>>> print(open('input_11.txt').read())   # compact mmCIF, C-alpha atoms
# COMPACT_ATOMS: atom_id res chain seq x y z
CA MET O 1 43.26 40.06 73.87
CA ALA O 2 46.82 40.51 72.65
CA SER O 3 47.56 36.82 73.13
CA LEU O 4 44.42 35.91 71.18
CA ASP O 5 45.48 38.11 68.29
CA ARG O 6 48.89 36.46 68.14
CA SER O 7 47.31 32.98 68.13
CA TYR O 8 44.47 33.47 65.64
CA GLY O 9 45.06 36.76 63.89
CA GLY O 10 47.32 35.24 61.18
CA ALA O 11 50.75 33.59 60.66
CA SER O 12 53.87 35.63 61.45
CA PRO O 13 56.73 35.88 58.87
CA ARG O 14 58.89 33.64 61.03
CA HIS O 15 56.16 31.01 61.19
CA SER O 16 55.63 31.11 57.39
CA HIS O 17 59.35 30.63 56.72
CA ARG O 18 59.32 27.58 58.99
CA LEU O 19 56.41 26.02 57.06
CA ARG O 20 58.12 26.54 53.68
CA ARG O 21 61.31 24.98 55.01
CA ARG O 22 59.44 21.92 56.27
CA TRP O 23 57.76 21.53 52.85
CA VAL O 24 61.14 21.61 51.03
CA VAL O 25 62.57 19.01 53.40
CA THR O 26 59.53 16.74 52.93
CA ARG O 27 59.76 16.98 49.12
CA LEU O 28 63.48 16.18 49.22
CA HIS O 29 62.83 13.08 51.35
CA LEU O 30 60.12 11.93 48.94
CA SER O 31 62.43 12.38 45.94
CA ARG O 32 65.18 10.35 47.60
CA MET O 33 62.72 7.58 48.49
CA ALA O 34 61.44 7.47 44.89
CA GLY O 35 65.02 7.30 43.56
CA ILE O 36 66.10 4.40 45.73
CA GLY O 37 67.16 1.53 43.48
CA MET O 38 66.92 3.48 40.20
CA GLY O 39 70.46 2.51 39.33
CA SER O 40 70.01 -1.20 39.89
CA GLU O 41 69.87 -3.69 36.99
CA THR O 42 66.47 -5.05 38.09
CA VAL O 43 64.87 -1.62 37.91
CA HIS O 44 66.37 -1.00 34.44
CA ASP O 45 64.99 -4.34 33.20
CA LEU O 46 61.56 -3.53 34.60
CA LEU O 47 61.53 -0.13 32.96
CA GLY O 48 62.66 -1.66 29.68
CA PHE O 49 59.79 -4.17 29.81
CA TRP O 50 57.21 -1.42 30.33
CA VAL O 51 58.71 0.67 27.54
CA ARG O 52 58.57 -2.25 25.09
CA LEU O 53 54.97 -3.06 26.13
CA LEU O 54 53.93 0.55 25.70
CA SER O 55 55.66 0.63 22.30
CA VAL O 56 53.70 -2.43 21.15
CA VAL O 57 50.41 -0.92 22.37
CA LEU O 58 51.07 2.40 20.67
CA GLY O 59 52.09 0.64 17.46
CA GLY O 60 48.85 -1.36 17.47
CA LEU O 61 46.83 1.79 18.04
CA ALA O 62 48.60 3.44 15.13
CA ARG O 63 47.81 0.52 12.82
CA VAL O 64 44.18 0.54 13.94
CA GLY O 65 44.05 4.24 13.30
CA ARG O 66 45.40 3.80 9.77
CA ALA O 67 43.05 0.86 9.00
CA VAL O 68 39.84 2.08 10.61
CA PHE O 69 39.81 5.73 11.47
CA LEU O 70 41.64 6.91 8.35
CA PRO O 71 38.84 5.75 5.95
CA LEU O 72 36.27 7.18 8.35
CA TYR O 73 37.77 10.62 8.48
CA ARG O 74 38.20 10.59 4.68
CA THR O 75 34.48 9.93 4.39
CA LEU O 76 33.71 12.69 6.84
CA ALA O 77 36.00 15.03 4.94
CA ARG O 78 33.47 15.15 2.14
CA THR O 79 30.86 16.60 4.49
CA ALA O 80 32.80 18.48 7.17
CA TYR O 81 36.23 20.02 6.58
CA GLY O 82 36.63 20.87 10.24
CA VAL O 83 36.17 17.24 11.25
CA GLU O 84 38.94 16.20 8.85
CA ARG O 85 41.38 18.64 10.46
CA LEU O 86 40.44 17.33 13.88
CA PHE O 87 41.13 13.73 12.80
CA GLN O 88 44.48 14.77 11.34
CA LYS O 89 45.50 16.40 14.59
CA ALA O 90 44.38 13.38 16.61
CA LEU O 91 46.35 10.91 14.45
CA SER O 92 49.39 13.19 14.42
CA GLY O 93 49.25 13.44 18.20
CA LEU O 94 49.07 9.66 18.54
CA TRP O 95 52.08 9.23 16.27
CA GLN O 96 54.13 11.84 18.14
CA LEU O 97 53.31 10.18 21.44
CA ARG O 98 54.55 6.83 20.10
CA LEU O 99 57.81 8.37 18.82
CA ARG O 100 58.36 10.19 22.08
CA ALA O 101 57.86 7.00 24.05
CA LEU O 102 60.39 5.14 21.91
CA ARG O 103 63.04 7.86 22.06
CA ARG O 104 62.69 8.79 25.74
CA PRO O 105 61.48 5.75 27.64
CA ALA O 106 62.65 7.06 31.00
CA HIS O 107 60.33 10.04 30.78
CA VAL O 108 57.14 8.22 29.87
CA ARG O 109 54.49 9.41 32.28
CA GLY O 110 51.57 7.47 33.68
CA ARG O 111 49.15 9.99 32.17
CA LEU O 112 49.86 8.80 28.57
CA ILE O 113 47.36 5.91 28.57
CA PRO O 114 44.48 8.06 29.93
CA ALA O 115 45.26 10.60 27.21
CA LEU O 116 45.06 7.89 24.55
CA MET O 117 41.77 6.64 25.97
CA LEU O 118 40.40 10.18 25.93
CA ALA O 119 41.46 10.60 22.30
CA ALA O 120 39.80 7.29 21.33
CA ALA O 121 36.60 8.32 23.12
CA THR O 122 36.65 11.67 21.30
CA VAL O 123 37.03 9.95 17.94
CA GLY O 124 34.16 7.57 18.78
CA ILE O 125 31.85 10.41 19.80
CA LEU O 126 32.64 12.37 16.64
CA THR O 127 31.99 9.27 14.54
CA VAL O 128 28.56 8.77 16.09
CA CYS O 129 27.67 12.47 15.77
CA PHE O 130 28.82 13.12 12.23
CA LEU O 131 28.67 9.72 10.52
CA SER O 132 25.37 7.86 10.00
CA VAL O 133 25.67 4.20 9.03
CA GLY O 134 22.98 2.39 7.02
CA LEU O 135 22.45 -0.69 4.89
CA ARG O 136 23.03 -0.58 1.14
CA VAL O 137 20.37 -2.71 -0.59
CA GLU O 138 20.89 -4.60 -3.84
CA ILE O 139 18.13 -6.49 -5.65
CA ASN O 140 19.44 -9.08 -8.09
CA GLY O 141 22.78 -7.28 -8.01
CA VAL O 142 21.29 -3.85 -8.79
CA PRO O 143 21.77 -1.14 -6.09
CA VAL O 144 18.43 0.43 -5.16
CA GLY O 145 19.36 2.65 -2.20
CA ILE O 146 20.23 2.73 1.49
CA VAL O 147 17.82 1.91 4.31
CA SER O 148 18.15 2.34 8.06
CA ASP O 149 17.38 -1.32 8.79
CA ARG O 150 16.12 -4.52 7.14
CA ALA O 151 12.57 -4.00 8.39
CA GLU O 152 12.16 -0.98 6.11
CA MET O 153 13.08 -2.99 3.00
CA GLU O 154 11.01 -6.00 4.07
CA GLU O 155 7.98 -3.73 4.39
CA ILE O 156 8.45 -2.56 0.79
CA LEU O 157 8.77 -6.14 -0.48
CA SER O 158 5.67 -7.17 1.49
CA SER O 159 3.60 -4.37 -0.04
CA VAL O 160 4.66 -5.42 -3.56
CA GLN O 161 3.77 -9.05 -2.82
CA ASP O 162 0.32 -7.99 -1.59
CA ARG O 163 -0.16 -5.94 -4.74
CA VAL O 164 0.77 -8.85 -7.00
CA SER O 165 -1.45 -11.20 -4.99
CA GLN O 166 -4.42 -8.93 -5.69
CA TYR O 167 -3.59 -8.98 -9.40
CA VAL O 168 -3.29 -12.73 -9.74
CA GLY O 169 -6.08 -13.54 -7.31
CA ALA O 170 -3.88 -15.84 -5.20
CA PRO O 171 -1.00 -15.56 -2.68
CA TYR O 172 2.28 -14.73 -4.41
CA SER O 173 5.90 -14.71 -3.22
CA LEU O 174 8.59 -12.64 -4.93
CA ASP O 175 11.59 -14.62 -6.20
CA VAL O 176 14.34 -11.99 -5.90
CA ASP O 177 17.86 -11.95 -4.44
CA VAL O 178 18.12 -9.17 -1.84
CA SER O 179 21.56 -8.46 -0.32
CA TYR O 180 22.63 -5.94 2.33
CA SER O 181 25.97 -4.31 3.11
CA ILE O 182 27.04 -1.63 5.60
CA ALA O 183 27.53 1.77 3.99
CA TYR O 184 27.58 5.49 4.72
CA ASP O 185 24.01 6.82 4.83
CA ASP O 186 23.83 10.09 2.92
CA GLY O 187 20.22 10.66 3.99
CA ARG O 188 18.61 10.16 0.58
CA GLY O 189 16.99 6.85 1.58
CA VAL O 190 15.11 4.75 -0.99
CA ASP O 191 12.34 5.55 -3.45
CA ARG O 192 9.50 3.15 -2.65
CA GLU O 193 7.66 3.74 -5.93
CA GLN O 194 10.84 3.22 -7.96
CA ILE O 195 11.55 -0.08 -6.20
CA SER O 196 7.93 -1.21 -6.67
CA ASP O 197 8.04 -0.38 -10.38
CA TYR O 198 11.37 -2.20 -10.74
CA LEU O 199 10.01 -5.34 -9.08
CA MET O 200 6.75 -5.22 -11.05
CA ALA O 201 8.65 -4.81 -14.32
CA GLY O 202 10.55 -8.00 -13.58
CA LEU O 203 7.35 -10.03 -13.35
CA GLY O 204 6.66 -9.94 -17.08
CA ASP O 205 3.04 -10.61 -18.02
CA LEU O 206 2.11 -12.15 -14.69
CA ALA O 207 0.56 -9.20 -12.92
CA VAL O 208 -0.72 -7.01 -15.74
CA LYS O 209 -3.71 -8.85 -17.22
CA TYR O 210 -7.33 -8.22 -16.36
CA VAL O 211 -10.40 -9.97 -17.67
CA LEU O 212 -13.82 -8.54 -18.48
CA THR O 213 -16.48 -11.11 -17.63
CA VAL O 214 -20.23 -11.30 -18.29
CA ASP O 215 -22.11 -13.48 -15.81
CA GLY O 216 -18.79 -15.08 -14.87
CA GLN O 217 -17.85 -15.95 -18.46
CA PRO O 218 -14.61 -14.36 -19.75
CA ILE O 219 -14.96 -12.14 -22.80
CA GLY O 220 -11.35 -10.99 -23.22
CA ALA O 221 -8.20 -10.04 -21.31
CA ASN O 222 -6.23 -6.81 -21.43
CA ARG O 223 -3.23 -5.32 -19.64
CA SER O 224 -5.03 -2.13 -18.64
CA ARG O 225 -7.68 -2.34 -15.96
CA THR O 226 -8.52 1.33 -16.46
CA ALA O 227 -9.23 0.80 -20.17
CA LEU O 228 -11.64 -2.05 -19.41
CA GLU O 229 -13.43 -0.04 -16.72
CA LEU O 230 -13.83 2.88 -19.13
CA LEU O 231 -15.17 0.49 -21.80
CA ARG O 232 -17.75 -0.86 -19.34
CA GLN O 233 -18.90 2.66 -18.44
CA ARG O 234 -19.01 3.77 -22.08
CA LEU O 235 -21.22 0.85 -23.12
CA LEU O 236 -23.53 1.51 -20.19
CA GLU O 237 -23.97 5.17 -21.09
CA LYS O 238 -24.34 4.38 -24.79
CA ASN O 239 -27.23 1.98 -24.24
CA ALA O 240 -28.90 4.28 -21.69
CA THR O 241 -29.26 7.38 -23.89
CA SER O 242 -33.02 6.88 -24.48
CA PHE O 243 -33.84 6.25 -20.80
CA LYS O 244 -35.41 8.58 -18.27
CA GLY O 245 -32.59 9.46 -15.94
CA GLY O 246 -33.09 6.73 -13.34
CA LYS O 247 -30.67 4.24 -11.86
CA VAL O 248 -28.93 2.47 -14.75
CA ASP O 249 -27.06 -0.83 -14.69
CA PHE O 250 -26.47 -3.91 -16.79
CA VAL O 251 -28.93 -6.76 -16.56
CA GLN O 252 -25.96 -9.11 -16.69
CA ASP O 253 -23.18 -9.16 -14.10
CA VAL O 254 -20.34 -7.32 -15.86
CA GLN O 255 -17.05 -7.31 -13.93
CA VAL O 256 -13.39 -6.43 -14.48
CA VAL O 257 -11.29 -8.84 -12.41
CA PRO O 258 -7.65 -9.99 -12.22
CA GLN O 259 -7.00 -12.89 -14.54
CA GLY O 260 -5.59 -15.28 -11.96
CA SER O 261 -6.08 -18.83 -13.23
CA MET O 262 -8.90 -17.81 -15.58
CA ASP O 263 -8.44 -18.93 -19.19
CA ALA O 264 -8.91 -15.79 -21.29
CA ARG O 265 -7.22 -14.68 -24.50
CA GLU O 266 -5.54 -11.29 -24.51
CA MET O 267 -7.39 -8.92 -26.84
CA SER O 268 -7.43 -5.26 -27.72
CA VAL O 269 -10.11 -3.04 -26.20
CA ALA O 270 -11.71 -2.61 -29.65
CA ASP O 271 -12.03 -6.38 -30.12
CA ILE O 272 -13.58 -6.78 -26.67
CA GLU O 273 -16.05 -4.00 -27.46
CA SER O 274 -17.11 -5.65 -30.73
CA ARG O 275 -17.86 -8.87 -28.86
CA LEU O 276 -19.93 -7.02 -26.27
CA THR O 277 -21.99 -5.08 -28.82
CA GLY O 278 -22.96 -8.18 -30.84
CA GLU O 279 -25.86 -10.58 -30.36
CA THR O 280 -26.19 -14.11 -29.10
CA ARG O 281 -28.85 -16.82 -29.26
CA SER O 282 -30.64 -17.19 -25.97
CA ALA O 283 -33.90 -18.56 -24.58
CA VAL O 284 -36.45 -15.82 -23.90
CA ILE O 285 -39.63 -16.35 -21.88
CA TYR O 286 -42.52 -14.33 -23.28
CA GLU O 287 -45.91 -13.83 -21.62
CA VAL O 288 -48.79 -13.91 -24.08
CA GLN O 289 -50.72 -10.65 -24.25
CA PRO O 290 -54.25 -10.04 -25.60
CA GLY O 291 -54.23 -10.18 -29.41
CA ASP O 292 -50.98 -12.18 -29.68
CA THR O 293 -50.56 -15.05 -32.13
CA LEU O 294 -47.79 -17.60 -32.46
CA SER O 295 -46.81 -16.23 -35.85
CA GLY O 296 -46.66 -12.70 -34.46
CA ILE O 297 -44.51 -13.80 -31.52
CA ALA O 298 -42.16 -15.70 -33.88
CA ALA O 299 -41.81 -12.67 -36.16
CA ARG O 300 -41.13 -10.43 -33.20
CA TYR O 301 -38.10 -12.50 -32.13
CA GLY O 302 -36.86 -13.33 -35.63
CA THR O 303 -37.74 -17.02 -35.62
CA THR O 304 -40.39 -19.29 -37.16
CA THR O 305 -43.71 -20.57 -35.85
CA ALA O 306 -42.47 -24.15 -36.14
CA ASP O 307 -39.50 -23.33 -33.86
CA VAL O 308 -41.82 -21.73 -31.31
CA MET O 309 -44.11 -24.78 -31.30
CA ALA O 310 -41.09 -27.12 -31.06
CA ASN O 311 -39.87 -25.30 -27.94
CA ASN O 312 -43.39 -25.33 -26.42
CA PRO O 313 -45.01 -28.77 -26.98
CA GLY O 314 -48.19 -27.93 -25.06
CA VAL O 315 -48.95 -24.71 -26.93
CA GLN O 316 -51.23 -24.72 -29.99
CA ALA O 317 -51.98 -21.85 -32.31
CA GLU O 318 -55.75 -22.26 -31.97
CA ASN O 319 -55.84 -22.32 -28.15
CA LEU O 320 -53.24 -19.67 -27.24
CA LEU O 321 -54.35 -18.21 -23.91
CA VAL O 322 -53.50 -14.82 -22.43
CA GLY O 323 -50.88 -15.14 -19.66
CA THR O 324 -49.29 -18.27 -21.10
CA HIS O 325 -45.48 -18.29 -20.92
CA VAL O 326 -43.86 -19.12 -24.24
CA VAL O 327 -40.16 -20.01 -24.58
CA VAL O 328 -38.58 -18.49 -27.68
CA GLN O 329 -35.01 -18.96 -28.97
CA ALA O 330 -34.07 -15.48 -30.09
CA SER O 331 -31.12 -13.31 -30.95
CA VAL O 332 -30.59 -10.98 -28.01
CA PRO O 333 -27.85 -8.45 -27.24
CA VAL O 334 -24.87 -9.72 -25.29
CA LEU O 335 -25.46 -6.86 -22.86
CA SER O 336 -28.84 -5.49 -21.83
CA VAL O 337 -29.30 -2.34 -19.83
CA LYS O 338 -31.96 -1.86 -17.21
CA GLU O 339 -33.16 1.36 -15.66
CA THR O 340 -35.23 1.72 -12.53
CA VAL O 341 -37.34 4.88 -12.36
CA SER O 342 -39.64 6.07 -9.58
CA GLU O 343 -42.88 7.23 -11.23
CA GLN O 344 -45.92 8.99 -9.78
CA TYR O 345 -49.29 8.94 -11.49
CA VAL O 346 -53.04 8.99 -10.85
CA GLN O 347 -54.91 5.74 -11.34
CA ARG O 348 -58.66 5.45 -11.77
CA ILE O 349 -60.54 3.26 -9.30
CA ASP O 350 -63.48 1.28 -10.66
CA TYR O 351 -66.83 1.74 -9.00
CA ASP O 352 -69.52 -0.76 -7.96
CA THR O 353 -73.11 -0.47 -9.19
CA VAL O 354 -75.94 -1.76 -7.00
CA ARG O 355 -78.69 -3.55 -8.98
CA GLN O 356 -81.98 -5.13 -7.92
CA GLU O 357 -84.07 -7.78 -9.65
CA ASN O 358 -87.76 -8.61 -9.04
CA ASP O 359 -90.46 -10.90 -10.39
CA GLU O 360 -91.88 -8.28 -12.71
CA MET O 361 -88.73 -8.21 -14.85
CA TYR O 362 -87.25 -10.69 -17.21
CA THR O 363 -84.35 -12.75 -16.00
CA THR O 364 -81.93 -10.73 -18.09
CA GLN O 365 -83.15 -7.42 -16.70
CA SER O 366 -82.33 -5.53 -13.47
CA ARG O 367 -82.90 -2.11 -11.95
CA VAL O 368 -80.11 0.20 -10.84
CA ILE O 369 -80.56 1.15 -7.20
CA LYS O 370 -77.31 3.16 -6.85
CA SER O 371 -75.03 4.25 -9.68
CA GLY O 372 -71.26 4.11 -8.95
CA VAL O 373 -68.69 6.88 -9.49
CA TYR O 374 -65.08 6.39 -10.55
CA GLY O 375 -62.52 7.05 -7.81
CA GLU O 376 -58.87 8.14 -8.02
CA ALA O 377 -55.65 7.15 -6.27
CA SER O 378 -52.20 8.73 -6.22
CA VAL O 379 -49.74 5.95 -6.98
CA THR O 380 -45.93 5.81 -6.62
CA ALA O 381 -44.20 2.87 -8.30
CA ASP O 382 -40.67 1.72 -9.15
CA VAL O 383 -40.73 0.87 -12.85
CA THR O 384 -37.91 -1.18 -14.41
CA TYR O 385 -37.18 -0.81 -18.12
CA VAL O 386 -34.97 -3.30 -19.97
CA ASP O 387 -33.54 -2.00 -23.25
CA GLY O 388 -36.21 0.70 -23.25
CA ARG O 389 -39.18 -1.61 -22.65
CA GLU O 390 -41.05 -1.90 -19.36
CA ASP O 391 -40.13 -5.11 -17.58
CA SER O 392 -41.71 -4.77 -14.14
CA ARG O 393 -43.64 -2.34 -11.96
CA VAL O 394 -43.66 -2.39 -8.16
CA VAL O 395 -46.11 -0.10 -6.34
CA THR O 396 -44.45 1.51 -3.31
CA ASP O 397 -47.23 3.94 -2.28
CA TRP O 398 -51.01 4.07 -2.83
CA VAL O 399 -53.20 6.94 -1.54
CA VAL O 400 -56.90 7.21 -2.42
CA THR O 401 -57.68 10.83 -3.26
CA LYS O 402 -61.25 10.42 -4.49
CA GLU O 403 -63.80 7.77 -3.62
>>> encode(input="input_11.txt", output="structure tokens")
Amino acid sequence: MASLDRSYGGASPRHSHRLRRRWVVTRLHLSRMAGIGMGSETVHDLLGFWVRLLSVVLGGLARVGRAVFLPLYRTLARTAYGVERLFQKALSGLWQLRLRALRRPAHVRGRLIPALMLAAATVGILTVCFLSVGLRVEINGVPVGIVSDRAEMEEILSSVQDRVSQYVGAPYSLDVDVSYSIAYDDGRGVDREQISDYLMAGLGDLAVKYVLTVDGQPIGANRSRTALELLRQRLLEKNATSFKGGKVDFVQDVQVVPQGSMDAREMSVADIESRLTGETRSAVIYEVQPGDTLSGIAARYGTTTADVMANNPGVQAENLLVGTHVVVQASVPVLSVKETVSEQYVQRIDYDTVRQENDEMYTTQSRVIKSGVYGEASVTADVTYVDGREDSRVVTDWVVTKE
């Protein structure tokens, strides 16, 4: 057991001294081997070449640092004071390393280049972390903001083009000069509405005119679509004040549309309203009712009997029949309002009387076998009024309540 303890129980002081001595001898041999030839001219020339090469590399790095990294750290200095101090230390360290290499070329160590690479990597990482780069956008030479990429600006331009196309009623392409340049992104981005308003303002009168039409015919153009829509609604409500609360609309097709290629004169809203509230000459078809005469029909529409007969060659005053359709040239409103109302009422049903004739009576006489009784029906109908007068009646439900 004693021999085992001496072998594995730990190194003796004598054994440790021997190991240290061997290590010193080995290091001395290595130093002598490394120093072989250091005094020769070839070795001096080789060292001089590497020193000059390293000097050129360090000088180039210094110039790059002054040209590139110096403006970057100045920009970062506005946002982070600590980053500026870090850049200053990095550049100062690079400069000191270059001076040290020039003054003491024999002591340049192989770890210098890795240190420079580490410093460059540190600067690059800090640049990515603290500095955001974007694209400064200018439209016709006017700066409008900074975007992250071109796609963002192209989306804004596309939305404006679609908006203008809707106004003019045809595809439209913006004629603007858009330029991009790399810049520091401060995070404010661009104001889409401001850019849209700027582009729209540069279009002049192209995209700001709307036309109010009646049955496809232009009445007048105006820059405000909202004003024309309000005018349309106001005229509709004004002419519907005496109606019964049903569904109200114009008889004519009244629209507010983009001007496009339509030929319409720009007018004020008041002038357009005066044109819509006037009258126009138009052909009216009238159905003759019991008791009507040609003179009465002519007076009703503000014309003469001769004009009525001229427009209806087959109609004569002495043989005017009920149900005949008469064409009358009359002054009618430019706009007519119709209202459709659902009405419920009780309608009387006529009865049938059964009669019997025999030989004992005169030919004009008969005898009542069964006397009829009036019936009743509950009726639901959609009644259409035009300018306050009934124009049509459509029965939607009929239920007999009394036979």
>>> residues_around(input="input_11.txt", residues="Arg275 of chain O", least_positions_apart="5", cutoff="12 Å", atoms="all atoms listed in the file", output="list of chain:residue names")
O:Leu212, O:Thr213, O:Val214, O:Pro218, O:Ile219, O:Gly220, O:Leu235, O:Met267, O:Ser268, O:Val269, O:Ala270, O:Thr280, O:Pro333, O:Val334, O:Leu335
>>> atom_distance(input="input_11.txt", atom1="atom CA of Ala151 of chain O", atom2="atom CA of Leu135 of chain O")
11.0 Å
>>> closest_residue(input="input_11.txt", among="O:Ala377, O:Ile272, O:Val383, O:Leu321", to="Pro290 of chain O", atoms="all atoms listed in the file")
O:Leu321
>>> residues_around(input="input_11.txt", residues="Ser331 of chain O", least_positions_apart="3", cutoff="8 Å", atoms="all atoms listed in the file", output="list of chain:residue names")
O:Glu279, O:Thr280, O:Arg281, O:Ser282, O:Tyr301, O:Gly302
>>> atom_distance(input="input_11.txt", atom1="atom CA of Asp215 of chain O", atom2="atom CA of Thr384 of chain O")
20.1 Å
>>> atom_distance(input="input_11.txt", atom1="atom CA of Tyr210 of chain O", atom2="atom CA of Ser224 of chain O")
6.9 Å
>>> residues_around(input="input_11.txt", residues="Ala306 of chain O", least_positions_apart="3", cutoff="12 Å", atoms="only C-alpha atoms", output="number ranges by chain")
O: 294-295, 297-299, 303, 309-313, 315-317, 328-329
>>> closest_residue(input="input_11.txt", among="O:Val57, O:Val400, O:Ile195, O:Leu276", to="Val254 of chain O", atoms="all atoms listed in the file")
O:Leu276
>>> residues_near_point(input="input_11.txt", point="(19.5, -3.9, 8.4)", cutoff="8 Å", atoms="all atoms listed in the file", output="MDAnalysis selection string")
chainID O and resid 134:135 147:151 180
